[in-house]
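Source file upload_34.pdb; content: PDB, C-alpha atoms.
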ATOM      1  CA  MET A   1     -18.473  23.968 -83.903
ATOM      2  CA  VAL A   2     -20.093  27.334 -83.921
ATOM      3  CA  SER A   3     -23.158  27.585 -86.053
ATOM      4  CA  VAL A   4     -22.236  29.513 -89.126
ATOM      5  CA  ASP A   5     -24.123  30.177 -92.257
ATOM      6  CA  SER A   6     -21.909  29.598 -95.243
ATOM      7  CA  SER A   7     -24.066  31.866 -97.342
ATOM      8  CA  PHE A   8     -26.654  34.546 -96.728
ATOM      9  CA  HIS A   9     -28.616  33.457 -99.715
ATOM     10  CA  PRO A  10     -30.199  30.346-101.075
ATOM     11  CA  ALA A  11     -27.449  30.389-103.671
ATOM     12  CA  PRO A  12     -25.671  27.083-103.902
ATOM     13  CA  THR A  13     -21.981  26.938-103.191
ATOM     14  CA  PHE A  14     -19.934  26.059-106.217
ATOM     15  CA  GLY A  15     -16.587  24.460-105.869
ATOM     16  CA  THR A  16     -15.140  23.127-102.706
ATOM     17  CA  GLU A  17     -12.707  25.876-101.760
ATOM     18  CA  SER A  18     -12.934  26.779 -98.132
ATOM     19  CA  VAL A  19     -13.442  30.315 -96.948
ATOM     20  CA  PRO A  20     -12.089  31.261 -93.515
ATOM     21  CA  LEU A  21     -14.517  32.544 -90.930
ATOM     22  CA  PRO A  22     -14.283  36.297 -90.397
ATOM     23  CA  VAL A  23     -14.576  37.537 -86.828
ATOM     24  CA  LYS A  24     -14.771  41.169 -85.806
ATOM     25  CA  ILE A  25     -13.668  43.397 -82.985
ATOM     26  CA  VAL A  26     -14.837  47.003 -82.863
ATOM     27  CA  VAL A  27     -12.370  49.675 -81.770
ATOM     28  CA  ALA A  28     -14.385  52.656 -80.598
ATOM     29  CA  GLY A  29     -13.055  55.957 -79.439
ATOM     30  CA  GLY A  30     -13.099  59.703 -79.869
ATOM     31  CA  TYR A  31     -11.410  61.742 -82.546
ATOM     32  CA  ALA A  32      -7.608  61.335 -82.678
ATOM     33  CA  VAL A  33      -7.501  58.952 -79.728
ATOM     34  CA  GLY A  34      -5.402  56.515 -81.740
ATOM     35  CA  LYS A  35      -7.926  54.050 -83.204
ATOM     36  CA  THR A  36      -6.161  53.756 -86.534
ATOM     37  CA  THR A  37      -2.757  53.496 -84.843
ATOM     38  CA  PHE A  38      -4.119  50.739 -82.612
ATOM     39  CA  VAL A  39      -5.547  48.852 -85.595
ATOM     40  CA  GLY A  40      -2.409  49.435 -87.669
ATOM     41  CA  SER A  41      -0.054  48.187 -84.965
ATOM     42  CA  ILE A  42      -1.345  44.644 -85.318
ATOM     43  CA  SER A  43      -2.928  44.565 -88.771
ATOM     44  CA  GLU A  44      -1.118  42.610 -91.473
ATOM     45  CA  ILE A  45      -2.272  45.175 -94.031
ATOM     46  CA  ASP A  46      -2.001  48.944 -93.827
ATOM     47  CA  PRO A  47      -5.311  50.102 -92.422
ATOM     48  CA  LEU A  48      -7.861  50.672 -95.163
ATOM     49  CA  THR A  49     -10.689  53.146 -95.142
ATOM     50  CA  THR A  50     -14.238  52.339 -96.026
ATOM     51  CA  GLU A  51     -17.133  54.678 -96.250
ATOM     52  CA  ALA A  52     -20.405  53.652 -94.823
ATOM     53  CA  ALA A  53     -23.101  55.845 -96.228
ATOM     54  CA  LEU A  54     -25.881  55.158 -93.834
ATOM     55  CA  THR A  55     -29.399  56.349 -94.171
ATOM     56  CA  THR A  56     -31.280  57.444 -91.129
ATOM     57  CA  VAL A  57     -34.961  58.080 -91.245
ATOM     58  CA  SER A  58     -36.471  60.650 -88.989
ATOM     59  CA  ALA A  59     -40.168  61.186 -88.793
ATOM     60  CA  ASP A  60     -41.450  64.730 -89.065
ATOM     61  CA  VAL A  61     -44.970  65.596 -88.224
ATOM     62  CA  ASP A  62     -46.477  68.770 -89.601
ATOM     63  CA  ASP A  63     -49.862  70.174 -90.578
ATOM     64  CA  GLU A  64     -49.783  68.305 -93.861
ATOM     65  CA  GLY A  65     -49.611  65.006 -92.053
ATOM     66  CA  ASP A  66     -46.804  62.599 -91.488
ATOM     67  CA  ALA A  67     -43.673  62.816 -93.534
ATOM     68  CA  SER A  68     -40.362  61.201 -92.997
ATOM     69  CA  THR A  69     -37.057  62.725 -93.909
ATOM     70  CA  LYS A  70     -34.176  60.595 -95.034
ATOM     71  CA  THR A  71     -30.752  61.833 -94.174
ATOM     72  CA  SER A  72     -27.662  60.190 -95.532
ATOM     73  CA  THR A  73     -24.565  60.418 -93.411
ATOM     74  CA  THR A  74     -21.200  59.231 -94.502
ATOM     75  CA  VAL A  75     -18.874  57.863 -91.891
ATOM     76  CA  ALA A  76     -15.327  56.833 -92.664
ATOM     77  CA  MET A  77     -14.050  53.797 -90.845
ATOM     78  CA  ASP A  78     -10.498  52.558 -90.808
ATOM     79  CA  PHE A  79     -10.026  48.861 -90.486
ATOM     80  CA  GLY A  80      -7.346  46.211 -90.503
ATOM     81  CA  ARG A  81      -7.020  42.467 -90.811
ATOM     82  CA  VAL A  82      -5.189  39.817 -88.805
ATOM     83  CA  GLY A  83      -5.096  36.217 -89.982
ATOM     84  CA  LEU A  84      -5.470  33.779 -87.094
ATOM     85  CA  GLY A  85      -4.395  30.524 -88.674
ATOM     86  CA  ASP A  86      -6.026  29.086 -91.781
ATOM     87  CA  GLU A  87      -9.594  29.120 -90.588
ATOM     88  CA  LEU A  88     -10.091  32.489 -88.899
ATOM     89  CA  VAL A  89      -9.561  36.075 -89.978
ATOM     90  CA  LEU A  90      -9.932  38.863 -87.447
ATOM     91  CA  TYR A  91     -11.120  42.241 -88.682
ATOM     92  CA  LEU A  92     -10.654  45.308 -86.515
ATOM     93  CA  PHE A  93     -12.995  48.202 -87.241
ATOM     94  CA  GLY A  94     -12.232  51.642 -85.898
ATOM     95  CA  THR A  95     -15.438  53.514 -85.297
ATOM     96  CA  PRO A  96     -16.176  56.956 -83.832
ATOM     97  CA  GLY A  97     -17.148  56.776 -80.185
ATOM     98  CA  GLN A  98     -19.044  60.001 -79.851
ATOM     99  CA  ASP A  99     -22.706  59.892 -79.175
ATOM    100  CA  ARG A 100     -23.668  61.415 -82.502
ATOM    101  CA  PHE A 101     -22.429  58.305 -84.304
ATOM    102  CA  ARG A 102     -24.691  56.095 -82.252
ATOM    103  CA  PHE A 103     -26.894  55.424 -85.259
ATOM    104  CA  MET A 104     -24.237  53.231 -86.830
ATOM    105  CA  TRP A 105     -23.211  51.145 -83.879
ATOM    106  CA  ASP A 106     -25.972  48.569 -84.279
ATOM    107  CA  GLU A 107     -24.598  47.918 -87.704
ATOM    108  CA  VAL A 108     -20.940  47.850 -86.746
ATOM    109  CA  THR A 109     -21.337  45.733 -83.631
ATOM    110  CA  ARG A 110     -23.595  43.118 -85.176
ATOM    111  CA  GLY A 111     -21.793  39.803 -84.947
ATOM    112  CA  ALA A 112     -18.783  41.372 -83.213
ATOM    113  CA  ILE A 113     -16.874  39.430 -80.584
ATOM    114  CA  GLY A 114     -16.753  42.647 -78.637
ATOM    115  CA  ALA A 115     -15.316  46.122 -78.506
ATOM    116  CA  VAL A 116     -12.276  47.968 -77.243
ATOM    117  CA  VAL A 117     -13.165  51.482 -76.122
ATOM    118  CA  LEU A 118      -9.961  53.438 -76.593
ATOM    119  CA  LEU A 119      -9.759  56.328 -74.180
ATOM    120  CA  ASP A 120      -7.755  59.489 -73.931
ATOM    121  CA  THR A 121      -8.082  60.436 -70.273
ATOM    122  CA  ARG A 122      -8.059  64.124 -71.205
ATOM    123  CA  ARG A 123     -11.275  63.594 -73.135
ATOM    124  CA  PHE A 124     -13.482  61.239 -71.171
ATOM    125  CA  GLU A 125     -16.642  62.620 -72.636
ATOM    126  CA  ASP A 126     -15.794  61.308 -76.122
ATOM    127  CA  SER A 127     -16.356  57.793 -74.839
ATOM    128  CA  PHE A 128     -19.507  58.148 -72.750
ATOM    129  CA  GLY A 129     -21.786  57.316 -75.656
ATOM    130  CA  ALA A 130     -19.888  54.186 -76.668
ATOM    131  CA  VAL A 131     -19.630  52.873 -73.106
ATOM    132  CA  GLU A 132     -23.299  53.401 -72.467
ATOM    133  CA  TYR A 133     -24.233  51.803 -75.771
ATOM    134  CA  PHE A 134     -22.093  48.685 -75.328
ATOM    135  CA  GLU A 135     -23.350  48.191 -71.772
ATOM    136  CA  ARG A 136     -26.953  48.406 -72.817
ATOM    137  CA  ALA A 137     -26.499  46.309 -75.968
ATOM    138  CA  GLN A 138     -24.569  43.740 -73.904
ATOM    139  CA  VAL A 139     -21.633  43.815 -76.254
ATOM    140  CA  PRO A 140     -18.578  42.617 -74.294
ATOM    141  CA  PHE A 141     -16.079  45.464 -74.068
ATOM    142  CA  VAL A 142     -12.980  46.638 -72.288
ATOM    143  CA  VAL A 143     -11.893  50.217 -71.736
ATOM    144  CA  ALA A 144      -8.292  50.717 -72.826
ATOM    145  CA  ILE A 145      -6.538  53.886 -71.773
ATOM    146  CA  ASN A 146      -4.168  54.866 -74.524
ATOM    147  CA  ALA A 147      -1.234  56.130 -72.486
ATOM    148  CA  PHE A 148       0.787  58.275 -74.846
ATOM    149  CA  HIS A 149       4.427  58.256 -73.790
ATOM    150  CA  GLY A 150       3.506  56.392 -70.646
ATOM    151  CA  GLU A 151       1.541  59.408 -69.529
ATOM    152  CA  LEU A 152      -1.621  58.860 -67.506
ATOM    153  CA  HIS A 153      -3.661  61.900 -66.684
ATOM    154  CA  HIS A 154      -6.063  59.888 -64.586
ATOM    155  CA  SER A 155      -5.724  56.640 -62.716
ATOM    156  CA  VAL A 156      -7.573  53.507 -63.718
ATOM    157  CA  GLU A 157      -9.824  54.026 -60.679
ATOM    158  CA  GLN A 158     -10.636  57.575 -61.726
ATOM    159  CA  VAL A 159     -11.508  56.355 -65.219
ATOM    160  CA  ARG A 160     -13.755  53.636 -63.826
ATOM    161  CA  GLU A 161     -15.493  56.170 -61.647
ATOM    162  CA  GLY A 162     -15.637  58.858 -64.319
ATOM    163  CA  LEU A 163     -17.306  56.511 -66.795
ATOM    164  CA  ASP A 164     -19.528  54.990 -64.114
ATOM    165  CA  LEU A 165     -18.476  51.507 -65.241
ATOM    166  CA  SER A 166     -19.890  48.269 -63.927
ATOM    167  CA  PRO A 167     -17.319  46.570 -61.714
ATOM    168  CA  ASP A 168     -16.935  43.655 -64.130
ATOM    169  CA  ILE A 169     -15.788  45.803 -67.060
ATOM    170  CA  PRO A 170     -11.995  45.580 -67.388
ATOM    171  CA  VAL A 171     -10.066  48.838 -67.561
ATOM    172  CA  VAL A 172      -6.551  48.428 -68.929
ATOM    173  CA  THR A 173      -3.765  50.689 -70.102
ATOM    174  CA  THR A 174      -2.319  50.236 -73.553
ATOM    175  CA  ASP A 175      -0.067  51.887 -76.098
ATOM    176  CA  ALA A 176      -1.711  51.984 -79.496
ATOM    177  CA  ARG A 177       1.667  52.108 -81.249
ATOM    178  CA  ASP A 178       2.921  48.922 -79.667
ATOM    179  CA  ARG A 179       1.978  45.636 -81.308
ATOM    180  CA  GLU A 180       2.448  43.537 -78.170
ATOM    181  CA  ARG A 181       0.353  45.862 -76.030
ATOM    182  CA  THR A 182      -2.355  46.008 -78.673
ATOM    183  CA  LYS A 183      -2.326  42.206 -78.762
ATOM    184  CA  THR A 184      -2.575  42.066 -74.947
ATOM    185  CA  THR A 185      -5.507  44.485 -75.039
ATOM    186  CA  LEU A 186      -7.320  42.340 -77.593
ATOM    187  CA  LEU A 187      -6.639  39.266 -75.470
ATOM    188  CA  GLU A 188      -8.134  41.068 -72.446
ATOM    189  CA  LEU A 189     -11.270  41.622 -74.470
ATOM    190  CA  VAL A 190     -11.512  38.023 -75.676
ATOM    191  CA  GLU A 191     -10.959  36.730 -72.128
ATOM    192  CA  HIS A 192     -13.679  39.079 -70.913
ATOM    193  CA  ALA A 193     -16.018  37.891 -73.686
ATOM    194  CA  LEU A 194     -15.299  34.305 -72.610
ATOM    195  CA  VAL A 195     -16.319  35.098 -69.031
ATOM    196  CA  LYS A 196     -19.490  36.785 -70.293
ATOM    197  CA  ALA A 197     -20.240  33.806 -72.562
ATOM    198  CA  HIS A 198     -20.549  31.576 -69.509
ATOM    199  CA  PHE A 199     -23.540  33.523 -68.227
TER     200      PHE A 199
ATOM    201  CA  MET B   1     -27.752  59.281-119.520
ATOM    202  CA  THR B   2     -29.823  58.666-116.468
ATOM    203  CA  ALA B   3     -28.206  58.123-113.122
ATOM    204  CA  TYR B   4     -29.307  54.521-113.127
ATOM    205  CA  ASP B   5     -28.152  53.667-116.597
ATOM    206  CA  VAL B   6     -24.635  52.597-115.914
ATOM    207  CA  ASN B   7     -24.215  50.658-119.142
ATOM    208  CA  GLN B   8     -24.590  53.733-121.318
ATOM    209  CA  ASP B   9     -21.637  55.166-119.509
ATOM    210  CA  ALA B  10     -19.429  52.479-120.987
ATOM    211  CA  SER B  11     -19.398  53.947-124.489
ATOM    212  CA  GLY B  12     -17.560  57.056-123.399
ATOM    213  CA  GLU B  13     -13.995  57.366-122.264
ATOM    214  CA  GLN B  14     -13.175  55.929-118.890
ATOM    215  CA  PRO B  15     -12.925  58.464-116.108
ATOM    216  CA  ARG B  16      -9.623  58.378-114.335
ATOM    217  CA  GLY B  17      -9.372  58.068-110.627
ATOM    218  CA  ARG B  18     -12.846  59.186-109.767
ATOM    219  CA  LEU B  19     -16.384  58.217-110.327
ATOM    220  CA  ARG B  20     -18.337  59.878-113.061
ATOM    221  CA  VAL B  21     -21.631  58.533-111.796
ATOM    222  CA  PRO B  22     -22.916  58.673-108.256
ATOM    223  CA  PRO B  23     -21.702  55.603-106.378
ATOM    224  CA  TYR B  24     -25.156  54.198-105.993
ATOM    225  CA  ALA B  25     -25.753  54.242-109.724
ATOM    226  CA  VAL B  26     -23.720  51.055-109.966
ATOM    227  CA  THR B  27     -26.356  49.251-107.984
ATOM    228  CA  GLY B  28     -29.132  50.437-110.222
ATOM    229  CA  GLY B  29     -30.315  52.916-107.637
ATOM    230  CA  ARG B  30     -30.964  50.367-104.948
ATOM    231  CA  THR B  31     -29.414  51.443-101.732
ATOM    232  CA  ARG B  32     -31.595  49.611 -99.317
ATOM    233  CA  VAL B  33     -29.791  46.880 -97.495
ATOM    234  CA  ASP B  34     -32.078  44.155 -98.699
ATOM    235  CA  VAL B  35     -28.980  42.026 -98.509
ATOM    236  CA  ASP B  36     -27.934  41.896 -94.938
ATOM    237  CA  ILE B  37     -24.225  41.339 -95.362
ATOM    238  CA  PRO B  38     -21.908  42.412 -92.525
ATOM    239  CA  PHE B  39     -18.865  44.615 -93.234
ATOM    240  CA  GLU B  40     -16.477  41.801 -92.410
ATOM    241  CA  ALA B  41     -18.232  39.096 -94.433
ATOM    242  CA  LEU B  42     -15.737  37.281 -96.622
ATOM    243  CA  VAL B  43     -16.500  37.000-100.308
ATOM    244  CA  ARG B  44     -14.982  34.431-102.610
ATOM    245  CA  THR B  45     -15.503  33.938-106.317
ATOM    246  CA  THR B  46     -16.928  30.538-107.133
ATOM    247  CA  GLU B  47     -15.917  28.293-110.024
ATOM    248  CA  ARG B  48     -19.019  29.504-111.831
ATOM    249  CA  GLY B  49     -17.946  33.092-111.177
ATOM    250  CA  ARG B  50     -14.544  32.387-112.730
ATOM    251  CA  GLN B  51     -16.131  30.787-115.770
ATOM    252  CA  ASN B  52     -18.521  33.679-116.270
ATOM    253  CA  LEU B  53     -15.944  36.390-115.629
ATOM    254  CA  PRO B  54     -15.796  37.476-119.305
ATOM    255  CA  LEU B  55     -19.556  37.965-119.275
ATOM    256  CA  VAL B  56     -19.642  40.144-116.189
ATOM    257  CA  ALA B  57     -18.855  43.847-116.521
ATOM    258  CA  PHE B  58     -17.727  46.855-114.552
ATOM    259  CA  GLU B  59     -17.755  46.797-110.771
ATOM    260  CA  ARG B  60     -19.180  43.290-110.728
ATOM    261  CA  HIS B  61     -16.213  42.166-112.799
ATOM    262  CA  ASP B  62     -13.813  43.929-110.428
ATOM    263  CA  ILE B  63     -15.384  42.175-107.459
ATOM    264  CA  LEU B  64     -15.020  38.755-109.082
ATOM    265  CA  LYS B  65     -11.353  39.481-109.802
ATOM    266  CA  LEU B  66     -10.625  40.759-106.295
ATOM    267  CA  ALA B  67     -12.495  37.905-104.651
ATOM    268  CA  GLU B  68     -10.379  35.156-106.205
ATOM    269  CA  ASN B  69      -8.935  34.969-102.727
ATOM    270  CA  PRO B  70     -11.351  35.557 -99.847
ATOM    271  CA  ILE B  71     -11.786  39.284 -99.263
ATOM    272  CA  ALA B  72     -14.079  41.177 -96.903
ATOM    273  CA  VAL B  73     -16.933  43.392 -98.049
ATOM    274  CA  ALA B  74     -15.159  46.320 -96.356
ATOM    275  CA  GLU B  75     -11.944  45.558 -98.268
ATOM    276  CA  LEU B  76     -13.850  45.513-101.554
ATOM    277  CA  SER B  77     -15.300  48.874-100.576
ATOM    278  CA  ALA B  78     -11.841  50.301 -99.875
ATOM    279  CA  HIS B  79     -10.195  48.914-103.014
ATOM    280  CA  LEU B  80     -13.016  49.850-105.367
ATOM    281  CA  ARG B  81     -13.700  53.181-103.640
ATOM    282  CA  LEU B  82     -17.372  52.470-103.329
ATOM    283  CA  PRO B  83     -19.474  52.861-100.208
ATOM    284  CA  ILE B  84     -20.091  49.681 -98.330
ATOM    285  CA  GLY B  85     -23.806  49.846 -99.094
ATOM    286  CA  ALA B  86     -23.121  49.686-102.814
ATOM    287  CA  ILE B  87     -20.744  46.735-102.413
ATOM    288  CA  ARG B  88     -23.334  44.894-100.377
ATOM    289  CA  VAL B  89     -25.932  45.142-103.080
ATOM    290  CA  LEU B  90     -23.494  44.057-105.797
ATOM    291  CA  VAL B  91     -22.185  41.155-103.712
ATOM    292  CA  GLY B  92     -25.748  40.190-102.849
ATOM    293  CA  ASP B  93     -26.625  39.952-106.531
ATOM    294  CA  LEU B  94     -23.459  38.033-107.372
ATOM    295  CA  SER B  95     -24.220  35.650-104.552
ATOM    296  CA  VAL B  96     -27.772  34.998-105.708
ATOM    297  CA  GLU B  97     -26.365  34.290-109.166
ATOM    298  CA  GLY B  98     -23.896  31.818-107.705
ATOM    299  CA  HIS B  99     -20.884  33.869-108.814
ATOM    300  CA  VAL B 100     -19.591  34.345-105.278
ATOM    301  CA  GLN B 101     -20.011  32.688-101.934
ATOM    302  CA  THR B 102     -20.021  34.699 -98.730
ATOM    303  CA  LYS B 103     -19.241  33.771 -95.171
ATOM    304  CA  ALA B 104     -19.778  35.556 -91.885
ATOM    305  CA  MET B 105     -20.843  34.987 -88.321
ATOM    306  CA  THR B 106     -24.579  34.846 -88.088
ATOM    307  CA  VAL B 107     -24.830  34.038 -84.414
ATOM    308  CA  LYS B 108     -23.167  35.265 -81.274
ATOM    309  CA  ALA B 109     -19.687  33.871 -80.788
ATOM    310  CA  ASP B 110     -19.762  30.852 -78.493
ATOM    311  CA  THR B 111     -17.091  29.708 -76.073
ATOM    312  CA  ALA B 112     -15.421  27.383 -78.572
ATOM    313  CA  LEU B 113     -14.983  30.141 -81.129
ATOM    314  CA  LEU B 114     -13.788  32.658 -78.548
ATOM    315  CA  GLU B 115     -11.168  30.149 -77.430
ATOM    316  CA  ARG B 116      -9.984  29.729 -80.993
ATOM    317  CA  VAL B 117      -9.688  33.502 -81.362
ATOM    318  CA  ARG B 118      -7.813  33.730 -78.062
ATOM    319  CA  ASP B 119      -5.418  30.953 -79.018
ATOM    320  CA  GLY B 120      -4.905  32.487 -82.458
ATOM    321  CA  LEU B 121      -4.058  35.865 -80.908
ATOM    322  CA  ARG B 122      -1.640  34.265 -78.467
ATOM    323  CA  ARG B 123       0.234  32.630 -81.316
ATOM    324  CA  LEU B 124       0.778  35.944 -83.105
TER     325      LEU B 124
END

Final structure tokens representation of the file:
Amino acid sequence: MVSVDSSFHPAPTFGTESVPLPVKIVVAGGYAVGKTTFVGSISEIDPLTTEAALTTVSADVDDEGDASTKTSTTVAMDFGRVGLGDELVLYLFGTPGQDRFRFMWDEVTRGAIGAVVLLDTRRFEDSFGAVEYFERAQVPFVVAINAFHGELHHSVEQVREGLDLSPDIPVVTTDARDRERTKTTLLELVEHALVKAHF
Amino acid sequence: MTAYDVNQDASGEQPRGRLRVPPYAVTGGRTRVDVDIPFEALVRTTERGRQNLPLVAFERHDILKLAENPIAVAELSAHLRLPIGAIRVLVGDLSVEGHVQTKAMTVKADTALLERVRDGLRRL
């Protein structure tokens, strides 16, 4: 059994009702690449939107001495839910893949099984930041080319090369609108995470 | 009315559809994540929470109602139209009071869990 804390607080648990264990997969990708479609194709609820107002602190140094500036940035995230039996619930969080959203990835990926980087081959650059981040943070991930209408502008090999991916990172094609293909993509990720878990 | 004085807001008419106070006012101005609850953490109202429901007001009341069945922090945020940070603080307080229990992964997923996720996905 995986070690799970039933509560984040010293608060006692009242009652004996069981709560399923939530697990999380992050779906990262650039603007309009199909994150919400991907999530919605398999979610048992219509994707919901949550706002994460995240505070970043940047240190400014001037003649008056040190001062830090707090900036609050609001990022909307669409997410969905898939029940996996009675004891597990999978949450899929769509999160922007561009580099400028890097500040929130620590937060979003914490505790995640892994990530699917959804890619539109016409806009490689939207995914550089996410790929680099997940590699460095050792978050298991797969790159999934969202082939709209079966159209591939670049081959899997070109994508691998273009993103400078480690050879062990799976690159797959998917169709965000198609439940079965979304499911297959998620399975690719979980299988990959399983391989990584053995090391 | 000060931004932090949510209770005074109750005497007036209820705003429809949108917040009359800044979202963070409902947490008494605390926005720091002193409660480290992940977005996907599931929240469930305890027996004590059900008993005390009439005594709990506003957003806290809404959370206890919504969490009668397990519901994620992010879902509470979406349904109550409050930023996740605000929900975290409220849920954190409710948890300390014993009104809700929360559950989430606190360690990296191990092989056994990954296999359960894989098998669950396959059965979909």

*Which residue out of B:Thr45, B:Lys103, B:His79, B:Ala67 has the minimum interatomic distance to chain A when all atoms listed in the file are used?*
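Of the candidates, the smallest distance to chain A is held by B:Lys103.
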
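Only residues having an atom at most 7 Å from (-12.7, 63.0, -82.0) are included; using only C-alpha atoms, these are Gly30, Tyr31, Ala32, Val33 and Asp126 of chain A.
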
*Give me the residues within 6 Å of stretch 181-195 of chain A as an NGL selection string, counting only C-alpha atoms and dropping any in the same chain fewer than 6 places off.*
:A and (140 or 142 or 174)

Contact check, chain B to chain A, at most 8 Å, counting only C-alpha atoms, closest pairs as a tab-separated table:
residue	atom	partner	partner_atom	distance
B:Asp36	CA	A:Phe8	CA	7.7
B:Ile37	CA	A:Phe8	CA	7.3
B:Pro38	CA	A:Arg110	CA	7.6
B:Phe39	CA	A:Val108	CA	7.5
B:Glu40	CA	A:Pro22	CA	6.3
B:Ala41	CA	A:Pro22	CA	6.3
B:Leu42	CA	A:Pro22	CA	6.5
B:Arg44	CA	A:Val19	CA	7.2
B:Thr46	CA	A:Phe14	CA	5.5
B:Glu47	CA	A:Gly15	CA	5.7
B:Arg48	CA	A:Phe14	CA	6.6
B:Pro70	CA	A:Val19	CA	6.3
B:Ala74	CA	A:Thr50	CA	6.1
B:Glu75	CA	A:Leu48	CA	7.2
B:Ser77	CA	A:Thr50	CA	5.8
B:Ala78	CA	A:Thr50	CA	5.0
B:Arg81	CA	A:Thr50	CA	7.7
B:Leu82	CA	A:Glu51	CA	7.4
B:Pro83	CA	A:Glu51	CA	4.9
B:Ile84	CA	A:Ala52	CA	5.3
B:Gly85	CA	A:Ala52	CA	6.7
B:Gly92	CA	A:His9	CA	8.0
B:Ser95	CA	A:Ala11	CA	6.2
B:Val96	CA	A:Ala11	CA	5.0
B:Glu97	CA	A:Ala11	CA	6.8
B:Gly98	CA	A:Ala11	CA	5.6
B:Gln101	CA	A:Ser7	CA	6.2
B:Thr102	CA	A:Ser7	CA	5.1
B:Lys103	CA	A:Ser6	CA	5.0
B:Ala104	CA	A:Pro22	CA	5.7
B:Met105	CA	A:Val4	CA	5.7
B:Thr106	CA	A:Val4	CA	5.9
B:Val107	CA	A:Gly111	CA	6.5
B:Lys108	CA	A:Gly111	CA	6.0
B:Ala109	CA	A:Ile113	CA	6.2
B:Asp110	CA	A:Val2	CA	6.5
B:Thr111	CA	A:Leu194	CA	6.0
B:Ala112	CA	A:Met1	CA	7.0
B:Leu113	CA	A:Val2	CA	6.5
B:Leu114	CA	A:Leu194	CA	6.3
B:Glu115	CA	A:Leu194	CA	7.6
B:Val117	CA	A:Leu84	CA	7.1
B:Arg118	CA	A:Val190	CA	6.1
B:Gly120	CA	A:Leu84	CA	4.8
B:Leu121	CA	A:Leu84	CA	6.7
B:Arg122	CA	A:Leu187	CA	7.7
B:Leu124	CA	A:Leu84	CA	7.7

*Would you mind listing what lies within 9 Å of A:Gly129 as a ChimeraX atom specification, with all atoms listed in the file counted and same-chain residues fewer than 4 positions away left out?*
/A:97-102,125,133-134

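A straight line drawn from atom CA of B:Val43 to atom CA of B:Ala72 is 5.9 Å long.
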
*Could you jot down the atom CA of B:Arg88 to atom CA of A:Arg136 separation for me, Å, one decimal place?*
28.0 Å

*What does the distance between atom CA of A:Gly40 and atom CA of A:Leu152 come to in Å, to one decimal place?*
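Distance reported for this atom pair: 22.3 Å.
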
*asked:* Taking all atoms listed in the file into account, name the residue in B:Gly49, B:Val91, B:Arg123, B:Arg116 that is nearest to B:Ile71.
replied: B:Val91

*Please evaluate the PyMOL selection byres ((chain A and resi 177) around 7) against the structure above and give the resulting residues as a VMD selection string.*
chain A and resid 37 to 38 41 175 to 176 178 to 179

*Which polymer residues have any atom within 9 Å of an atom of stretch 161-163 of chain A, counting all atoms listed in the file, with same-chain residues fewer than 2 positions away left out, as a PyMOL selection string?*
chain A and resi 124-125+127-128+131-132+156-159+165

Produce the centre coordinates and the three edge lengths, each in Å to one decimal, of the box along x, y and z that contains all listed atoms of stretch 78-86 of chain B with 4 Å added on each side, as JSON.
{"center_x": -17.0, "center_y": 51.0, "center_z": -101.8, "size_x": 21.6, "size_y": 12.3, "size_z": 15.0}
